[in-house]
file start36.txt (compact mmCIF, C-alpha atoms)
# COMPACT_ATOMS: atom_id res chain seq x y z
CA MET A 18 0.94 24.71 -0.71
CA MET A 19 0.66 24.45 -4.46
CA LYS A 20 -0.10 27.71 -6.28
CA ASN A 21 -2.75 26.07 -8.46
CA LYS A 22 -4.20 22.73 -9.47
CA ASN A 23 -2.35 22.67 -12.81
CA THR A 24 0.99 22.90 -11.02
CA ALA A 25 0.03 20.00 -8.74
CA VAL A 26 -0.90 17.90 -11.79
CA THR A 27 2.39 18.80 -13.50
CA HIS A 28 4.44 17.81 -10.45
CA THR A 29 2.52 14.55 -10.12
CA LEU A 30 3.20 13.75 -13.78
CA LEU A 31 6.92 14.43 -13.20
CA LEU A 32 6.93 11.86 -10.39
CA ILE A 33 5.09 9.33 -12.56
CA LEU A 34 7.74 9.87 -15.24
CA ALA A 35 10.43 9.30 -12.60
CA ALA A 36 8.66 6.09 -11.52
CA MET A 37 8.58 4.92 -15.16
CA ILE A 38 12.32 5.57 -15.55
CA TRP A 39 13.06 3.68 -12.32
CA GLY A 40 10.75 0.82 -13.33
CA PHE A 41 12.41 0.41 -16.72
CA ALA A 42 15.79 0.52 -14.96
CA PHE A 43 15.06 -3.03 -13.79
CA VAL A 44 15.26 -4.01 -17.46
CA SER A 45 18.65 -2.33 -17.82
CA GLN A 46 19.87 -4.07 -14.66
CA SER A 47 18.68 -7.42 -15.98
CA VAL A 48 20.42 -6.85 -19.34
CA GLY A 49 23.58 -5.58 -17.65
CA ALA A 50 23.76 -8.69 -15.45
CA GLU A 51 24.20 -10.79 -18.62
CA TYR A 52 27.51 -9.04 -19.44
CA VAL A 53 29.19 -7.79 -16.25
CA GLY A 54 29.30 -8.59 -12.54
CA ALA A 55 27.21 -6.76 -9.95
CA SER A 56 30.11 -4.64 -8.66
CA THR A 57 31.08 -3.56 -12.18
CA PHE A 58 27.55 -2.50 -13.08
CA ILE A 59 27.13 -0.56 -9.82
CA ALA A 60 30.53 1.12 -10.02
CA LEU A 61 30.18 2.30 -13.62
CA ARG A 62 26.55 3.29 -13.16
CA ASN A 63 27.39 5.49 -10.18
CA TRP A 64 30.51 7.06 -11.67
CA ILE A 65 28.32 8.14 -14.60
CA ALA A 66 25.70 9.48 -12.16
CA VAL A 67 28.37 11.42 -10.26
CA VAL A 68 29.60 13.06 -13.48
CA PHE A 69 25.97 13.87 -14.39
CA LEU A 70 25.10 15.39 -10.99
CA LEU A 71 28.19 17.59 -10.60
CA PRO A 72 27.17 20.25 -13.18
CA VAL A 73 23.63 20.13 -11.77
CA ILE A 74 25.02 21.01 -8.33
CA VAL A 75 27.21 23.78 -9.79
CA PHE A 76 24.15 25.27 -11.51
CA ILE A 77 22.07 25.08 -8.30
CA ASP A 78 24.82 26.77 -6.28
CA ARG A 79 25.09 29.58 -8.81
CA THR A 80 21.36 30.26 -8.60
CA ARG A 81 21.63 30.34 -4.79
CA MET A 82 24.72 32.59 -4.91
CA SER A 83 26.73 30.11 -2.81
CA THR A 84 30.18 28.62 -3.43
CA LEU A 85 30.64 24.94 -4.20
CA LYS A 86 33.58 24.55 -1.82
CA SER A 87 31.75 26.01 1.18
CA THR A 88 28.81 23.62 0.86
CA MET A 89 30.15 20.39 -0.68
CA PHE A 90 32.66 19.55 2.05
CA ALA A 91 30.64 20.24 5.18
CA PRO A 92 31.52 17.52 7.77
CA ARG A 93 27.92 16.49 8.41
CA LEU A 94 27.23 16.25 4.67
CA LEU A 95 30.29 14.05 4.15
CA ARG A 96 29.37 11.86 7.13
CA GLY A 97 25.85 11.45 5.79
CA GLY A 98 27.19 10.63 2.32
CA VAL A 99 29.42 7.88 3.71
CA ILE A 100 26.69 6.26 5.82
CA CYS A 101 24.04 6.49 3.09
CA GLY A 102 26.53 5.38 0.43
CA VAL A 103 27.52 2.24 2.35
CA ALA A 104 23.84 1.38 2.91
CA LEU A 105 23.02 2.01 -0.76
CA PHE A 106 25.92 -0.15 -1.94
CA ALA A 107 24.80 -3.07 0.26
CA ALA A 108 21.22 -2.82 -1.05
CA SER A 109 22.26 -2.32 -4.69
CA VAL A 110 24.79 -5.15 -4.86
CA VAL A 111 22.31 -7.66 -3.41
CA GLN A 112 19.65 -6.42 -5.84
CA GLN A 113 22.00 -6.58 -8.85
CA ILE A 114 23.09 -10.13 -7.98
CA GLY A 115 19.51 -11.25 -7.39
CA ILE A 116 18.08 -9.81 -10.59
CA ALA A 117 20.12 -12.31 -12.60
CA TYR A 118 18.02 -15.11 -11.04
CA THR A 119 14.50 -13.71 -11.33
CA THR A 120 12.26 -11.67 -13.66
CA THR A 121 12.06 -7.87 -13.73
CA ALA A 122 8.42 -7.97 -12.61
CA ARG A 123 9.16 -10.09 -9.55
CA ALA A 124 12.27 -8.04 -8.78
CA SER A 125 10.45 -4.71 -8.98
CA PHE A 126 7.45 -5.75 -6.87
CA ILE A 127 9.51 -7.49 -4.17
CA THR A 128 11.96 -4.58 -3.98
CA ALA A 129 9.04 -2.15 -3.64
CA LEU A 130 8.14 -3.83 -0.35
CA TYR A 131 10.68 -1.49 1.25
CA MET A 132 7.76 0.96 1.51
CA VAL A 133 6.12 -1.44 3.95
CA ILE A 134 9.37 -2.45 5.67
CA VAL A 135 10.47 1.13 6.43
CA PRO A 136 7.70 1.76 9.02
CA VAL A 137 8.46 -1.60 10.66
CA PHE A 138 12.16 -0.77 11.00
CA SER A 139 11.25 2.66 12.33
CA ILE A 140 9.92 0.90 15.45
CA PHE A 141 13.54 0.63 16.58
CA LEU A 142 13.80 4.41 16.26
CA GLY A 143 10.86 4.97 18.59
CA SER A 144 8.07 5.19 16.00
CA ARG A 145 4.79 3.30 16.24
CA PRO A 146 3.39 2.07 12.90
CA SER A 147 -0.36 2.53 12.53
CA GLY A 148 -2.87 -0.24 11.96
CA LYS A 149 -2.87 0.30 8.20
CA ILE A 150 0.83 -0.64 8.07
CA TRP A 151 0.17 -4.03 9.69
CA ILE A 152 -2.74 -4.60 7.29
CA GLY A 153 -0.40 -3.71 4.41
CA ILE A 154 2.21 -6.17 5.71
CA LEU A 155 -0.32 -9.02 5.88
CA ILE A 156 -1.57 -8.29 2.36
CA GLY A 157 2.03 -8.01 1.14
CA LEU A 158 2.93 -11.41 2.62
CA VAL A 159 -0.01 -13.03 0.86
CA GLY A 160 1.04 -11.34 -2.38
CA LEU A 161 4.63 -12.49 -1.87
CA TRP A 162 3.37 -16.06 -1.37
CA LEU A 163 1.40 -15.99 -4.62
CA LEU A 164 4.21 -14.33 -6.57
CA CYS A 165 7.16 -16.42 -5.41
CA ILE A 166 5.82 -19.81 -4.35
CA LYS A 167 4.13 -22.38 -6.54
CA ALA A 168 0.75 -23.80 -5.55
CA GLY A 169 0.99 -26.58 -2.96
CA GLU A 170 4.58 -25.75 -1.98
CA GLY A 171 6.07 -23.99 1.04
CA PHE A 172 8.45 -21.10 1.69
CA GLY A 173 11.36 -23.52 1.34
CA THR A 174 10.84 -23.45 -2.42
CA ILE A 175 11.22 -19.67 -2.81
CA GLY A 176 13.81 -18.92 -5.48
CA THR A 177 17.30 -17.58 -4.76
CA GLY A 178 16.65 -14.43 -6.79
CA ASP A 179 13.43 -13.68 -4.92
CA LEU A 180 15.14 -14.19 -1.53
CA LEU A 181 17.90 -11.80 -2.56
CA MET A 182 15.30 -9.25 -3.67
CA LEU A 183 13.59 -9.53 -0.28
CA LEU A 184 16.93 -8.95 1.46
CA SER A 185 17.56 -6.04 -0.90
CA ALA A 186 14.19 -4.49 0.06
CA ALA A 187 15.19 -4.68 3.74
CA LEU A 188 18.56 -3.06 2.98
CA PHE A 189 16.88 -0.32 0.92
CA ALA A 190 14.64 0.35 3.92
CA ILE A 191 17.77 0.97 6.02
CA GLN A 192 19.17 3.24 3.30
CA ILE A 193 15.91 5.23 3.14
CA LEU A 194 15.86 5.72 6.91
CA SER A 195 19.48 6.92 6.74
CA VAL A 196 18.66 9.41 3.98
CA ASN A 197 15.56 10.62 5.85
CA TYR A 198 17.75 11.42 8.84
CA PHE A 199 20.56 13.28 7.04
CA VAL A 200 18.43 15.09 4.45
CA ARG A 201 16.83 17.09 7.28
CA TYR A 202 20.07 18.98 7.69
CA GLN A 203 21.64 18.82 4.22
CA ASP A 204 20.90 19.65 0.59
CA GLY A 205 19.24 16.61 -1.00
CA VAL A 206 21.08 16.74 -4.34
CA LYS A 207 24.49 17.15 -2.67
CA LEU A 208 23.74 14.30 -0.29
CA ALA A 209 22.82 12.17 -3.32
CA PHE A 210 26.10 13.14 -5.00
CA TRP A 211 28.23 11.97 -2.07
CA GLU A 212 26.05 8.90 -1.58
CA MET A 213 26.62 7.84 -5.18
CA PHE A 214 30.31 8.80 -5.02
CA ILE A 215 30.87 6.58 -1.98
CA GLU A 216 28.88 3.73 -3.55
CA ALA A 217 30.93 4.00 -6.75
CA LEU A 218 34.16 4.08 -4.75
CA ILE A 219 33.25 0.96 -2.74
CA ALA A 220 32.02 -0.94 -5.81
CA THR A 221 35.21 -0.16 -7.74
CA VAL A 222 37.30 -2.26 -5.32
CA PRO A 223 35.54 -5.63 -5.93
CA MET A 224 35.17 -4.69 -9.61
CA LEU A 225 38.96 -4.53 -9.98
CA LEU A 226 39.75 -7.41 -7.61
CA PHE A 227 37.08 -9.96 -8.55
CA ASP A 228 35.01 -8.99 -11.60
CA LYS A 229 37.95 -7.79 -13.72
CA PRO A 230 35.66 -6.87 -16.63
CA THR A 231 36.98 -6.94 -20.17
CA LEU A 232 36.43 -4.13 -22.65
CA SER A 233 34.05 -6.31 -24.69
CA GLN A 234 31.95 -7.05 -21.57
CA ILE A 235 31.69 -3.36 -20.71
CA GLN A 236 30.76 -2.54 -24.31
CA GLY A 237 27.99 -5.13 -24.20
CA ALA A 238 26.58 -3.72 -20.98
CA LEU A 239 27.23 -0.05 -21.85
CA PRO A 240 23.69 0.88 -23.06
CA ALA A 241 22.22 -0.59 -19.86
CA ILE A 242 24.85 1.12 -17.69
CA LEU A 243 24.28 4.49 -19.40
CA TYR A 244 20.53 4.23 -18.91
CA ALA A 245 20.90 3.32 -15.24
CA GLY A 246 23.52 6.00 -14.62
CA ILE A 247 22.06 8.93 -16.55
CA MET A 248 18.32 8.27 -16.62
CA SER A 249 17.69 6.34 -13.40
CA SER A 250 20.26 7.91 -11.07
CA GLY A 251 20.52 11.34 -12.71
CA VAL A 252 17.35 12.40 -14.54
CA ALA A 253 14.83 10.51 -12.40
CA TYR A 254 16.35 11.75 -9.15
CA THR A 255 16.20 15.35 -10.44
CA LEU A 256 12.56 14.81 -11.44
CA GLN A 257 11.86 13.54 -7.95
CA ILE A 258 13.43 16.63 -6.36
CA VAL A 259 11.37 18.96 -8.59
CA GLY A 260 8.18 16.90 -8.44
CA GLN A 261 8.09 16.56 -4.66
CA LYS A 262 8.52 20.28 -4.09
CA ASP A 263 5.37 21.58 -2.34
CA LEU A 264 3.40 18.49 -3.41
CA ASP A 265 1.26 16.57 -0.94
CA PRO A 266 3.56 13.75 0.36
CA SER A 267 0.78 11.15 0.08
CA ILE A 268 0.25 12.00 -3.61
CA ALA A 269 4.01 11.90 -4.21
CA SER A 270 4.37 8.50 -2.56
CA LEU A 271 1.47 6.99 -4.49
CA ALA A 272 2.88 8.28 -7.79
CA MET A 273 6.28 6.75 -7.07
CA CYS A 274 4.62 3.44 -6.12
CA LEU A 275 4.07 2.97 -9.85
CA GLU A 276 7.76 2.05 -10.18
CA SER A 277 6.90 -1.62 -9.59
CA VAL A 278 4.14 -1.54 -12.21
CA PHE A 279 6.49 -0.04 -14.80
CA GLY A 280 9.05 -2.69 -13.87
CA ALA A 281 6.57 -5.40 -14.83
CA ILE A 282 5.58 -3.55 -18.02
CA GLY A 283 9.25 -3.13 -18.97
CA GLY A 284 9.91 -6.86 -18.55
CA TRP A 285 6.93 -7.62 -20.78
CA LEU A 286 7.79 -5.03 -23.46
CA PHE A 287 11.55 -5.44 -23.74
CA LEU A 288 12.36 -8.91 -22.40
CA SER A 289 9.20 -10.82 -23.39
CA GLN A 290 8.71 -11.90 -19.78
CA ARG A 291 5.25 -13.18 -18.89
CA LEU A 292 3.48 -13.62 -15.57
CA THR A 293 1.11 -16.46 -14.71
CA PRO A 294 -2.36 -15.57 -13.37
CA ARG A 295 -1.14 -16.55 -9.87
CA GLU A 296 1.87 -14.22 -10.18
CA ILE A 297 -0.35 -11.39 -11.49
CA ALA A 298 -2.58 -11.83 -8.43
CA GLY A 299 0.50 -11.71 -6.21
CA CYS A 300 1.75 -8.52 -7.88
CA SER A 301 -1.69 -6.93 -7.50
CA LEU A 302 -1.83 -7.71 -3.78
CA MET A 303 1.72 -6.44 -3.24
CA PHE A 304 0.87 -3.22 -5.07
CA LEU A 305 -2.25 -2.87 -2.91
CA ALA A 306 -0.10 -3.36 0.20
CA ILE A 307 2.27 -0.60 -0.97
CA VAL A 308 -0.61 1.79 -1.70
CA ILE A 309 -2.21 1.11 1.70
CA SER A 310 1.10 1.75 3.46
CA GLU A 311 1.45 5.10 1.68
CA LEU A 312 -2.12 6.32 2.16
CA PRO A 313 -2.58 9.03 4.79
CA GLU A 314 -4.36 7.77 7.90
CA SER A 315 -7.48 9.87 7.27
CA ALA A 316 -7.87 8.56 3.72
CA PHE A 317 -7.43 4.96 4.88
CA ILE A 318 -10.10 5.33 7.61
CA LYS A 319 -12.47 6.90 5.08
CA PHE A 320 -11.82 3.98 2.69
CA ILE A 321 -12.59 1.40 5.41
CA ARG A 322 -15.79 3.21 6.37
CA CYS A 323 -16.85 3.25 2.71
CA ILE A 324 -16.37 -0.53 2.48
CA LYS A 325 -18.34 -1.10 5.70
CA THR A 326 -21.17 1.13 4.44
CA LYS A 327 -21.42 -0.86 1.20
CA ASP A 328 -21.50 -4.12 3.17
CA ILE A 329 -24.33 -2.80 5.31
CA ILE A 330 -26.30 -1.63 2.28
CA GLN A 331 -25.91 -5.04 0.61
call {"tool": "encode", "arguments": {"input": "start36.txt", "output": "structure tokens"}}
result
Amino acid sequence: MMKNKNTAVTHTLLLILAAMIWGFAFVSQSVGAEYVGASTFIALRNWIAVVFLLPVIVFIDRTRMSTLKSTMFAPRLLRGGVICGVALFAASVVQQIGIAYTTTARASFITALYMVIVPVFSIFLGSRPSGKIWIGILIGLVGLWLLCIKAGEGFGTIGTGDLLMLLSAALFAIQILSVNYFVRYQDGVKLAFWEMFIEALIATVPMLLFDKPTLSQIQGALPAILYAGIMSSGVAYTLQIVGQKDLDPSIASLAMCLESVFGAIGGWLFLSQRLTPREIAGCSLMFLAIVISELPESAFIKFIRCIKTKDIIQ
């Protein structure tokens, strides 16, 4: 439980700041895609994140009076890092390729559908999604239709970038389920370190074999890579760790849902990207679907009853 209301507000604001950093990271990914290949961006971004996280871990271990060697190389931690890292690489590379073919707003909202996809995938792990999840999925599909498909056309016209973002959302859902499993037994920051280390290691291979970036290309993408590596992977993740501590999970999830909104704002502010009224409606419905999926069951039932009461009164 939170010690006081002010602390809860502070932690919520930290998560909103993290969501803003993640949302604006879609801008950096879009800019980076203009200079370097997907594998190059991912590899360099994660190597920077690894360098950033290492002193953070050393500091945490000193405060806990534990040794780095005794905790960093635990077999289960390493196994979790490999599995989560492979899943994160698959999701990230598809996302980075796709973002070159769509706008940051579309990319951020479609990617955020992983919040709805996660409960669906959890069916295969023995979980039963509640009714609000299926309602969220239906609303999300309508929003996806409005966002990605022009009026009078069918799903066959959905753009390559949007399809890749949808695949990326599904892969991120797998990565999230993997993290949820391993983080029960391991330190979250150390798991993130190994996850990013493995992702960087995997991405370096195709970077050297296929991308073969030149120094001028890396220099052009460097500001975007630094932002993604330090701010998105390093600072924002640390904010998430601090912000989620003792905070109501439903409040935390709703705060982090704002990532997609900040993605759209970032595209508008920094890349002069505009959305049509139809696309804005689609984004709004997809955001509503995400919020519904993250609402606690009791709050959702109360919301439905409130709507029914208003209908009866009218």
call {"tool": "atom_distance", "arguments": {"input": "start36.txt", "atom1": "CA of Gly54 in chain A", "atom2": "CA of Ala117 in chain A"}}
result
9.9 Å
call {"tool": "closest_atom_pairs", "arguments": {"input": "start36.txt", "of": "range 89-126 of chain A", "to": "range 203-226 of chain A", "cutoff": "7 Å", "atoms": "all atoms listed in the file", "output": "JSON lines"}}
result
{"residue": "A:Met89", "atom": "CA", "partner": "A:Lys207", "partner_atom": "CA", "distance": 6.8}
{"residue": "A:Leu94", "atom": "CA", "partner": "A:Gln203", "partner_atom": "CA", "distance": 6.2}
{"residue": "A:Leu95", "atom": "CA", "partner": "A:Trp211", "partner_atom": "CA", "distance": 6.9}
{"residue": "A:Gly98", "atom": "CA", "partner": "A:Glu212", "partner_atom": "CA", "distance": 4.4}
{"residue": "A:Val99", "atom": "CA", "partner": "A:Ile215", "partner_atom": "CA", "distance": 6.0}
{"residue": "A:Cys101", "atom": "CA", "partner": "A:Glu212", "partner_atom": "CA", "distance": 5.6}
{"residue": "A:Gly102", "atom": "CA", "partner": "A:Glu212", "partner_atom": "CA", "distance": 4.1}
{"residue": "A:Val103", "atom": "CA", "partner": "A:Glu216", "partner_atom": "CA", "distance": 6.2}
{"residue": "A:Leu105", "atom": "CA", "partner": "A:Glu216", "partner_atom": "CA", "distance": 6.7}
{"residue": "A:Phe106", "atom": "CA", "partner": "A:Glu216", "partner_atom": "CA", "distance": 5.1}
call {"tool": "write_last_selection", "arguments": {"input": "start36.txt", "atoms": "C-alpha atoms", "output": "tab-separated table (two decimals), keeping the file's coordinate frame"}}
result
chain	number	residue	atom	x	y	z
A	89	MET	CA	30.15	20.39	-0.68
A	94	LEU	CA	27.23	16.25	4.67
A	95	LEU	CA	30.29	14.05	4.15
A	98	GLY	CA	27.19	10.63	2.32
A	99	VAL	CA	29.42	7.88	3.71
A	101	CYS	CA	24.04	6.49	3.09
A	102	GLY	CA	26.53	5.38	0.43
A	103	VAL	CA	27.52	2.24	2.35
A	105	LEU	CA	23.02	2.01	-0.76
A	106	PHE	CA	25.92	-0.15	-1.94
call {"tool": "closest_residue", "arguments": {"input": "start36.txt", "among": "A:Met273, A:Met182, A:Ala298, A:Leu71", "to": "His28 in chain A", "atoms": "all atoms listed in the file"}}
result
A:Met273
call {"tool": "atom_distance", "arguments": {"input": "start36.txt", "atom1": "CA of Leu312 in chain A", "atom2": "CA of Val137 in chain A"}}
result
15.7 Å
call {"tool": "residues_around", "arguments": {"input": "start36.txt", "residues": "Gly237 in chain A", "least_positions_apart": "6", "cutoff": "9 Å", "atoms": "all atoms listed in the file", "output": "list of chain:residue names"}}
result
A:Gly49, A:Glu51, A:Tyr52, A:Val53
call {"tool": "atom_distance", "arguments": {"input": "start36.txt", "atom1": "CA of Lys262 in chain A", "atom2": "CA of Met37 in chain A"}}
result
18.9 Å
call {"tool": "closest_residue", "arguments": {"input": "start36.txt", "among": "A:Ser277, A:Thr119, A:Ser109, A:Asn23", "to": "Gln192 in chain A", "atoms": "only C-alpha atoms"}}
result
A:Ser109
call {"tool": "residues_around", "arguments": {"input": "start36.txt", "residues": "Thr27 in chain A", "least_positions_apart": "3", "cutoff": "12 Å", "atoms": "all atoms listed in the file", "output": "count of residues only"}}
result
20
call {"tool": "closest_residue", "arguments": {"input": "start36.txt", "among": "A:Val159, A:Leu243, A:Ala186, A:Ala50", "to": "Tyr118 in chain A", "atoms": "only C-alpha atoms"}}
result
A:Ala50
call {"tool": "closest_residue", "arguments": {"input": "start36.txt", "among": "A:Val68, A:Tyr202, A:Ala42, A:Leu142", "to": "Pro92 in chain A", "atoms": "only C-alpha atoms"}}
result
A:Tyr202
call {"tool": "closest_residue", "arguments": {"input": "start36.txt", "among": "A:Ile59, A:Leu232, A:Val196, A:Ile242", "to": "Val110 in chain A", "atoms": "only C-alpha atoms"}}
result
A:Ile59
